[in-house]
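Here the structure comes first, spelled out in structure tokens, and everything after it is commentary.
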Amino acid sequence: MPVYQATVSAPVNIACIKYWGKRDTKLILPTNSSLSVTLDQDHLRSTTTSRADPSFEKDRLWLNGKEEVIAHGGRMATCISELKRLRREVEENNAAEPKLSAFAVHISSLNNFPTAAGLASSASGFAALVASLAALYQLPASPSTLSLIARQGSGSACRSLFGGYVAWQEGTAPDGSDSLAVEVAPREHWPSLHALICVVSDDKKGTSSTSGMQRTVETSPLLQHRIKHVVPERMRIISDAIRARDFDTFARVTMQDSNQFHAVALDTDPPIFYMNDVSRTIIAIITEYNRVSVAAGGKLKAAYTYDAGPNAVIYAPEENLKEIVELIVNYFPQPAPFKDPFGLFGSAGVGEGKLVEGFNAAVAKKFPVGSVKNLIHTRVGDGPRKLDDAEALLGPDGQPKSLA
Ligand code: DP6
């Protein structure tokens, strides 16, 4: 009896033009287009193994080794049934194909970053789920077609089906058939864009994206202005900036759009706050860093962006990352030595950090150790990867391998 199994990894993406608001909550159709950068799976990824077998009694899913309920009619069930439907089409067109669509599946998924880090895992997680089932079923489907399915798992997941620079086009069709992800440029077009993720310490449970954005749609007048008059133009400007590798424009629009997303959150009734004092201090540091450069006749050197939580993601050209890490460490002493995957600092490490010449130290105060609990240096990356069976997360018995 052959084993029908596939293992895939998928990347995290961080939006520069934010998705915030649905016009259809069941199909997950957005109120505006969005655009993101896919991050490198060498550093952050979700890995998923899917297997179909006639002996399996029902569809089952394990996340980081723990079994999750696949709720009937829920997002997970929708993705699985859509992929089975596409498999059925393959079987109907070729009678020689094994009838995998009739078998139940076991799915095991693992994030290589702790959920406790406060990093959203739904985008990479749903992208890996969809890509692994598509590989198992040998679907002749493009990444854009798969993005239609991942979108119904979590909106932002549709953008993780591509590497590089990715737009999610809002579309107009009521059935969602044109609300999909497209590649604006591959990673190779502009590989020198790096990212520093500042993981901010946070005990409180924030408002989830799903419920927060719905409340914004229902109550924020500013969101209506954003959708109609701001996002369409920004999508054009930032897409052109990416094609021209124009970091200055990319950075300006990215920061403006992060700010406006947090403004519509504040404009929601009751208001939603995702950033905290540490987040705002990182904005002040990046603003001052850019001011020093522009005052000397230069251009913007870094861009901050924030999602539905206090963590900062700082985008910058590779050559600026050393200065940026030193600036952040200067204000936010680290609980553990900075993991330096690109070897910026050599064996001496980053030390206590330092400021660039002309930097006004008074824009921020130093925070206690651990206020920023981790710094992750990564860069623009590729799309989902098919992995060898050696990396499978299911054992020969079809159960998740132990995580030891
Ligand atoms: C702030 O994709 O998590 O990160 O579609 O309800 O699952 P659902 O929401 P989700 O929202 C992401 C919001 C964001 C901005 C973005 O990624 O574009």
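Each chain in the structure tokens gets a letter, A, B, ..., in the order shown, and its residues are numbered from 1; ligands are numbered from 1 in order too.
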
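With the cut-off set to 7 Å and only C-alpha atoms and all ligand atoms counted, the residues surrounding ligand 1 are A:Ile14, A:Ala15, A:Ile17, A:Lys18, A:Tyr19, A:Trp20, A:Ile28, A:Ser34, A:Ser122, A:Ala123, A:Gly153, A:Ser154, A:Gly155, A:Ser156, A:Ala157, A:Ser209, A:Thr210, A:Asp307, A:Ala308.
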
Write a file of the selected residues as a PDB file, in the first residue's frame, keeping C-alpha atoms.
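Once everything was written out, this is again.pdb:
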ATOM      1  CA  ILE A  14       4.382  41.287   7.358  1.00  0.00           C
ATOM      2  CA  ALA A  15       2.150  43.837   5.650  1.00  0.00           C
ATOM      3  CA  ILE A  17      -0.221  48.232   3.435  1.00  0.00           C
ATOM      4  CA  LYS A  18      -2.497  46.718   6.061  1.00  0.00           C
ATOM      5  CA  TYR A  19      -5.524  44.502   5.616  1.00  0.00           C
ATOM      6  CA  TRP A  20      -8.055  45.635   8.214  1.00  0.00           C
ATOM      7  CA  ILE A  28     -13.019  36.511   4.169  1.00  0.00           C
ATOM      8  CA  SER A  34      -3.007  45.008   0.975  1.00  0.00           C
ATOM      9  CA  SER A 122      -2.016  32.085  11.361  1.00  0.00           C
ATOM     10  CA  ALA A 123      -0.605  33.348   8.035  1.00  0.00           C
ATOM     11  CA  GLY A 153      -8.415  30.214   6.578  1.00  0.00           C
ATOM     12  CA  SER A 154      -7.056  33.622   7.526  1.00  0.00           C
ATOM     13  CA  GLY A 155      -7.028  36.648   5.251  1.00  0.00           C
ATOM     14  CA  SER A 156      -3.357  37.475   5.598  1.00  0.00           C
ATOM     15  CA  ALA A 157      -2.432  33.819   4.889  1.00  0.00           C
ATOM     16  CA  SER A 209      -7.570  40.744  14.548  1.00  0.00           C
ATOM     17  CA  THR A 210     -10.783  39.015  13.542  1.00  0.00           C
ATOM     18  CA  ASP A 307       0.309  44.686  13.384  1.00  0.00           C
ATOM     19  CA  ALA A 308      -2.392  43.843  15.922  1.00  0.00           C
TER      20      ALA A 308
END

Next item on the list: Return as a VMD selection string the full set of residues in region 83-272 of chain A whose backbone-based DSSP assignment is helix (DSSP H, G or I).
Entry: chain A and resid 83 to 93 100 to 102 115 to 117 122 to 136 143 to 150 155 to 161 187 to 189 209 to 219 221 to 243 247 to 266

Dump C-alpha atoms for the selected residues as an mmCIF file, in the first residue's frame?
data_model
loop_
_atom_site.group_PDB
_atom_site.id
_atom_site.type_symbol
_atom_site.label_atom_id
_atom_site.label_comp_id
_atom_site.auth_asym_id
_atom_site.auth_seq_id
_atom_site.Cartn_x
_atom_site.Cartn_y
_atom_site.Cartn_z
ATOM 1 C CA LEU A 83 -8.719 21.182 -1.433
ATOM 2 C CA LYS A 84 -10.577 17.849 -1.486
ATOM 3 C CA ARG A 85 -12.926 19.361 -4.051
ATOM 4 C CA LEU A 86 -9.966 20.303 -6.294
ATOM 5 C CA ARG A 87 -8.564 16.785 -5.834
ATOM 6 C CA ARG A 88 -11.901 15.332 -6.933
ATOM 7 C CA GLU A 89 -11.648 17.308 -10.180
ATOM 8 C CA VAL A 90 -8.218 15.756 -10.817
ATOM 9 C CA GLU A 91 -9.669 12.278 -10.205
ATOM 10 C CA GLU A 92 -12.644 12.918 -12.469
ATOM 11 C CA ASN A 93 -10.340 13.998 -15.290
ATOM 12 C CA LEU A 100 -7.435 10.287 -2.323
ATOM 13 C CA SER A 101 -10.337 12.721 -2.023
ATOM 14 C CA ALA A 102 -12.395 9.951 -0.438
ATOM 15 C CA THR A 115 3.587 31.281 19.900
ATOM 16 C CA ALA A 116 4.482 32.952 23.183
ATOM 17 C CA ALA A 117 6.754 35.288 21.209
ATOM 18 C CA SER A 122 -2.016 32.085 11.361
ATOM 19 C CA ALA A 123 -0.605 33.348 8.035
ATOM 20 C CA SER A 124 2.276 30.872 7.772
ATOM 21 C CA GLY A 125 0.149 28.144 9.387
ATOM 22 C CA PHE A 126 -2.757 28.301 6.918
ATOM 23 C CA ALA A 127 -0.379 28.770 3.972
ATOM 24 C CA ALA A 128 1.521 25.616 5.015
ATOM 25 C CA LEU A 129 -1.740 23.687 5.493
ATOM 26 C CA VAL A 130 -2.995 24.626 2.026
ATOM 27 C CA ALA A 131 0.362 24.089 0.294
ATOM 28 C CA SER A 132 0.890 20.681 1.935
ATOM 29 C CA LEU A 133 -2.567 19.384 0.950
ATOM 30 C CA ALA A 134 -2.044 20.766 -2.579
ATOM 31 C CA ALA A 135 1.250 18.842 -2.755
ATOM 32 C CA LEU A 136 -0.328 15.677 -1.346
ATOM 33 C CA PRO A 143 -0.065 29.932 -6.004
ATOM 34 C CA SER A 144 -2.774 32.511 -6.772
ATOM 35 C CA THR A 145 -5.402 29.747 -6.974
ATOM 36 C CA LEU A 146 -4.191 28.287 -3.679
ATOM 37 C CA SER A 147 -4.273 31.790 -2.183
ATOM 38 C CA LEU A 148 -8.064 31.820 -2.730
ATOM 39 C CA ILE A 149 -8.284 28.877 -0.339
ATOM 40 C CA ALA A 150 -5.712 30.084 2.211
ATOM 41 C CA GLY A 155 -7.028 36.648 5.251
ATOM 42 C CA SER A 156 -3.357 37.475 5.598
ATOM 43 C CA ALA A 157 -2.432 33.819 4.889
ATOM 44 C CA CYS A 158 -3.187 34.273 1.184
ATOM 45 C CA ARG A 159 -0.077 36.459 0.892
ATOM 46 C CA SER A 160 2.199 33.680 2.252
ATOM 47 C CA LEU A 161 1.718 31.557 -0.910
ATOM 48 C CA ARG A 187 12.704 38.137 -3.698
ATOM 49 C CA GLU A 188 15.554 38.091 -6.246
ATOM 50 C CA HIS A 189 14.397 41.441 -7.586
ATOM 51 C CA SER A 209 -7.570 40.744 14.548
ATOM 52 C CA THR A 210 -10.783 39.015 13.542
ATOM 53 C CA SER A 211 -13.034 40.681 16.123
ATOM 54 C CA GLY A 212 -11.089 43.960 16.195
ATOM 55 C CA MET A 213 -11.377 44.606 12.481
ATOM 56 C CA GLN A 214 -15.098 43.796 12.482
ATOM 57 C CA ARG A 215 -15.687 46.370 15.206
ATOM 58 C CA THR A 216 -13.695 48.883 13.133
ATOM 59 C CA VAL A 217 -15.863 48.186 10.062
ATOM 60 C CA GLU A 218 -19.002 48.726 12.143
ATOM 61 C CA THR A 219 -17.973 51.908 13.954
ATOM 62 C CA PRO A 221 -15.816 56.670 9.988
ATOM 63 C CA LEU A 222 -12.075 57.034 9.374
ATOM 64 C CA LEU A 223 -11.946 53.480 7.958
ATOM 65 C CA GLN A 224 -14.359 54.531 5.173
ATOM 66 C CA HIS A 225 -12.021 57.364 4.181
ATOM 67 C CA ARG A 226 -9.027 55.008 4.295
ATOM 68 C CA ILE A 227 -10.689 52.402 2.071
ATOM 69 C CA LYS A 228 -11.906 54.853 -0.566
ATOM 70 C CA HIS A 229 -9.286 57.555 -0.683
ATOM 71 C CA VAL A 230 -6.020 56.345 0.843
ATOM 72 C CA VAL A 231 -5.268 52.687 0.196
ATOM 73 C CA PRO A 232 -5.787 52.600 -3.614
ATOM 74 C CA GLU A 233 -3.163 55.299 -4.172
ATOM 75 C CA ARG A 234 -0.754 53.801 -1.636
ATOM 76 C CA MET A 235 -0.991 50.408 -3.360
ATOM 77 C CA ARG A 236 0.147 52.029 -6.615
ATOM 78 C CA ILE A 237 2.914 54.078 -5.000
ATOM 79 C CA ILE A 238 4.434 51.235 -3.002
ATOM 80 C CA SER A 239 4.215 48.750 -5.911
ATOM 81 C CA ASP A 240 6.126 51.226 -8.089
ATOM 82 C CA ALA A 241 8.647 51.808 -5.281
ATOM 83 C CA ILE A 242 9.268 48.057 -5.034
ATOM 84 C CA ARG A 243 9.754 47.776 -8.800
ATOM 85 C CA PHE A 247 13.581 52.327 -0.264
ATOM 86 C CA ASP A 248 12.864 55.960 0.594
ATOM 87 C CA THR A 249 9.335 55.819 -0.856
ATOM 88 C CA PHE A 250 8.764 52.261 0.381
ATOM 89 C CA ALA A 251 9.674 53.370 3.916
ATOM 90 C CA ARG A 252 7.549 56.516 3.913
ATOM 91 C CA VAL A 253 4.408 54.707 2.739
ATOM 92 C CA THR A 254 4.993 51.729 5.077
ATOM 93 C CA MET A 255 5.219 53.987 8.140
ATOM 94 C CA GLN A 256 2.235 56.086 7.059
ATOM 95 C CA ASP A 257 0.108 52.997 6.584
ATOM 96 C CA SER A 258 1.069 51.462 9.922
ATOM 97 C CA ASN A 259 0.182 54.768 11.558
ATOM 98 C CA GLN A 260 -3.181 54.928 9.802
ATOM 99 C CA PHE A 261 -4.046 51.339 10.710
ATOM 100 C CA HIS A 262 -3.449 52.180 14.382
ATOM 101 C CA ALA A 263 -5.453 55.382 13.910
ATOM 102 C CA VAL A 264 -8.497 53.431 12.660
ATOM 103 C CA ALA A 265 -8.060 51.081 15.627
ATOM 104 C CA LEU A 266 -8.213 54.133 17.911
#

Next item on the list: Return the single residue from A:Asn330, A:Gln152, A:Thr268, A:Thr48 that is closest to His106 (chain A), with distances computed using only C-alpha atoms.
Entry: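 When distances to His106 (chain A) are compared using only C-alpha atoms, the smallest one comes from A:Thr48.
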
Next item on the list: Identify all residues of region 30-244 of chain A in strand (DSSP E) (DSSP on the backbone) and supply them as a VMD selection string.
Entry: chain A and resid 30 34 to 38 45 to 53 60 to 63 66 to 68 104 to 111 165 to 168 181 to 185 193 to 200

Check: Hey, can you check how far CA of Leu63 (chain A) sits from CA of Met76 (chain A)?
Finding: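 About the pair CA of Leu63 (chain A) and CA of Met76 (chain A): they are 12.0 Å apart.
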
Note to self: Given only C-alpha atoms as the basis, pick out the residue of A:Lys373, A:Arg280, A:Arg291, A:Lys301 nearest to Asp202 (chain A).
What the structure shows: A:Lys373

Margin query: Can you pull out the residues contacting Asn374 (chain A)? Cut-off 9 Å, using only C-alpha atoms, and skip same-chain residues under 6 positions away; I want them as a PyMOL selection string.
Written below: chain A and resi 117+197-201+334-336+338-339

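Using only C-alpha atoms, the residues found no farther than 10 Å from Asp388 (chain A), other than those of its own chain fewer than 5 positions away, are Ala6, Thr7 and Val8 of chain A.
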
Store the residues of this selection in a file with N, CA and C atoms, as an mmCIF file, in the first residue's frame.
data_model
loop_
_atom_site.group_PDB
_atom_site.id
_atom_site.type_symbol
_atom_site.label_atom_id
_atom_site.label_comp_id
_atom_site.auth_asym_id
_atom_site.auth_seq_id
_atom_site.Cartn_x
_atom_site.Cartn_y
_atom_site.Cartn_z
ATOM 1 N N ALA A 6 2.741 14.427 2.045
ATOM 2 C CA ALA A 6 3.596 15.536 1.591
ATOM 3 C C ALA A 6 3.905 16.456 2.762
ATOM 4 N N THR A 7 5.114 16.999 2.741
ATOM 5 C CA THR A 7 5.543 17.948 3.774
ATOM 6 C C THR A 7 6.006 19.236 3.101
ATOM 7 N N VAL A 8 5.536 20.347 3.652
ATOM 8 C CA VAL A 8 5.803 21.663 3.065
ATOM 9 C C VAL A 8 6.095 22.641 4.191
#

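Using only C-alpha atoms for every distance, the candidate list A:Arg23, A:His72, A:His194, A:Lys205 yields A:His194 as the residue closest to Val380 (chain A).
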
Item checked: Distance query Gly73 (chain A) at most 12 Å, only C-alpha atoms, self and fewer than 5 positions along chain excluded, as a ChimeraX atom specification -> /A:26-27,78-82,152-153

Would you write out those residues with all heavy atoms, as a PDB file, in the first residue's frame?
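The resulting selection-v8.pdb:
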ATOM      1  N   LYS A  26     -17.635  35.476   6.033  1.00  0.00           N
ATOM      2  CA  LYS A  26     -17.557  34.025   5.826  1.00  0.00           C
ATOM      3  C   LYS A  26     -16.497  33.698   4.770  1.00  0.00           C
ATOM      4  O   LYS A  26     -15.624  32.842   4.978  1.00  0.00           O
ATOM      5  CB  LYS A  26     -18.947  33.486   5.403  1.00  0.00           C
ATOM      6  CG  LYS A  26     -18.963  31.985   5.108  1.00  0.00           C
ATOM      7  CD  LYS A  26     -18.787  31.150   6.414  1.00  0.00           C
ATOM      8  CE  LYS A  26     -18.756  29.650   6.152  1.00  0.00           C
ATOM      9  NZ  LYS A  26     -17.410  29.071   6.068  1.00  0.00           N
ATOM     10  N   LEU A  27     -16.560  34.411   3.632  1.00  0.00           N
ATOM     11  CA  LEU A  27     -15.590  34.160   2.561  1.00  0.00           C
ATOM     12  C   LEU A  27     -14.240  34.839   2.840  1.00  0.00           C
ATOM     13  O   LEU A  27     -13.270  34.613   2.131  1.00  0.00           O
ATOM     14  CB  LEU A  27     -16.145  34.661   1.222  1.00  0.00           C
ATOM     15  CG  LEU A  27     -17.277  33.836   0.606  1.00  0.00           C
ATOM     16  CD1 LEU A  27     -17.879  34.580  -0.588  1.00  0.00           C
ATOM     17  CD2 LEU A  27     -16.768  32.453   0.172  1.00  0.00           C
ATOM     18  N   THR A  78     -13.151  24.401   6.114  1.00  0.00           N
ATOM     19  CA  THR A  78     -13.379  24.990   4.785  1.00  0.00           C
ATOM     20  C   THR A  78     -12.167  24.767   3.890  1.00  0.00           C
ATOM     21  O   THR A  78     -12.294  24.348   2.737  1.00  0.00           O
ATOM     22  CB  THR A  78     -13.646  26.509   4.910  1.00  0.00           C
ATOM     23  OG1 THR A  78     -14.758  26.695   5.769  1.00  0.00           O
ATOM     24  CG2 THR A  78     -13.920  27.139   3.556  1.00  0.00           C
ATOM     25  N   CYS A  79     -10.972  25.049   4.414  1.00  0.00           N
ATOM     26  CA  CYS A  79      -9.756  24.863   3.604  1.00  0.00           C
ATOM     27  C   CYS A  79      -9.616  23.398   3.180  1.00  0.00           C
ATOM     28  O   CYS A  79      -9.349  23.106   2.010  1.00  0.00           O
ATOM     29  CB  CYS A  79      -8.514  25.292   4.391  1.00  0.00           C
ATOM     30  SG  CYS A  79      -8.384  27.075   4.609  1.00  0.00           S
ATOM     31  N   ILE A  80      -9.808  22.475   4.115  1.00  0.00           N
ATOM     32  CA  ILE A  80      -9.630  21.056   3.794  1.00  0.00           C
ATOM     33  C   ILE A  80     -10.649  20.626   2.736  1.00  0.00           C
ATOM     34  O   ILE A  80     -10.308  19.955   1.756  1.00  0.00           O
ATOM     35  CB  ILE A  80      -9.744  20.190   5.072  1.00  0.00           C
ATOM     36  CG1 ILE A  80      -8.590  20.518   6.038  1.00  0.00           C
ATOM     37  CG2 ILE A  80      -9.734  18.696   4.721  1.00  0.00           C
ATOM     38  CD1 ILE A  80      -8.735  19.907   7.424  1.00  0.00           C
ATOM     39  N   SER A  81     -11.910  21.053   2.893  1.00  0.00           N
ATOM     40  CA  SER A  81     -12.928  20.583   1.942  1.00  0.00           C
ATOM     41  C   SER A  81     -12.737  21.219   0.566  1.00  0.00           C
ATOM     42  O   SER A  81     -13.001  20.585  -0.453  1.00  0.00           O
ATOM     43  CB  SER A  81     -14.340  20.789   2.489  1.00  0.00           C
ATOM     44  OG  SER A  81     -14.740  22.117   2.316  1.00  0.00           O
ATOM     45  N   GLU A  82     -12.258  22.461   0.496  1.00  0.00           N
ATOM     46  CA  GLU A  82     -11.967  23.085  -0.801  1.00  0.00           C
ATOM     47  C   GLU A  82     -10.862  22.328  -1.535  1.00  0.00           C
ATOM     48  O   GLU A  82     -10.916  22.127  -2.745  1.00  0.00           O
ATOM     49  CB  GLU A  82     -11.532  24.545  -0.603  1.00  0.00           C
ATOM     50  CG  GLU A  82     -12.680  25.504  -0.347  1.00  0.00           C
ATOM     51  CD  GLU A  82     -13.533  25.674  -1.590  1.00  0.00           C
ATOM     52  OE1 GLU A  82     -13.061  26.277  -2.560  1.00  0.00           O
ATOM     53  OE2 GLU A  82     -14.664  25.165  -1.588  1.00  0.00           O
ATOM     54  N   GLN A 152      -9.443  31.881   2.963  1.00  0.00           N
ATOM     55  CA  GLN A 152     -10.621  31.496   3.752  1.00  0.00           C
ATOM     56  C   GLN A 152     -10.228  30.878   5.092  1.00  0.00           C
ATOM     57  O   GLN A 152     -11.077  30.611   5.938  1.00  0.00           O
ATOM     58  CB  GLN A 152     -11.503  30.553   2.936  1.00  0.00           C
ATOM     59  CG  GLN A 152     -12.015  31.240   1.672  1.00  0.00           C
ATOM     60  CD  GLN A 152     -12.795  30.293   0.768  1.00  0.00           C
ATOM     61  OE1 GLN A 152     -13.847  29.801   1.153  1.00  0.00           O
ATOM     62  NE2 GLN A 152     -12.263  30.039  -0.420  1.00  0.00           N
ATOM     63  N   GLY A 153      -8.920  30.636   5.266  1.00  0.00           N
ATOM     64  CA  GLY A 153      -8.415  30.214   6.578  1.00  0.00           C
ATOM     65  C   GLY A 153      -8.112  31.425   7.436  1.00  0.00           C
ATOM     66  O   GLY A 153      -8.581  31.559   8.567  1.00  0.00           O
TER      67      GLY A 153
END

Note to self: Set the distance at 9 Å and use only C-alpha atoms: which residues neighbour Pro333 (chain A) once local chain neighbours fewer than 6 positions away are removed? I'd like the list as a ChimeraX atom specification.
What the structure shows: /A:352-353,366-373

What does the file look like for those residues with C-alpha atoms, as a PDB file, in the first residue's frame?
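part13.pdb, freshly written:
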ATOM      1  CA  GLU A 352      25.572  47.661  25.107  1.00  0.00           C
ATOM      2  CA  GLY A 353      24.662  49.262  21.813  1.00  0.00           C
ATOM      3  CA  LYS A 366      16.352  53.568  28.462  1.00  0.00           C
ATOM      4  CA  PHE A 367      14.013  50.705  29.387  1.00  0.00           C
ATOM      5  CA  PRO A 368      14.597  47.858  31.866  1.00  0.00           C
ATOM      6  CA  VAL A 369      16.135  44.613  30.620  1.00  0.00           C
ATOM      7  CA  GLY A 370      13.565  42.449  28.848  1.00  0.00           C
ATOM      8  CA  SER A 371      11.148  45.215  27.768  1.00  0.00           C
ATOM      9  CA  VAL A 372      12.130  44.076  24.282  1.00  0.00           C
ATOM     10  CA  LYS A 373      12.660  40.413  25.050  1.00  0.00           C
TER      11      LYS A 373
END

Notebook entry, point to check: Which residues, written as an MDAnalysis selection string, have at least one atom at most 12 Å from Phe342 (chain A), with only C-alpha atoms counted and residues fewer than 5 positions away on the same chain left out?
Noted result: chainID A and resid 42:43 194:196 318:319 321:322 349 376:379

Check: Which residue gives the smallest distance to Thr207 (chain A) among A:Pro270, A:Thr281, A:Pro337, A:Asp53, with only C-alpha atoms counted?
Finding: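 Nearest candidate to Thr207 (chain A) out of A:Pro270, A:Thr281, A:Pro337, A:Asp53: A:Pro270.
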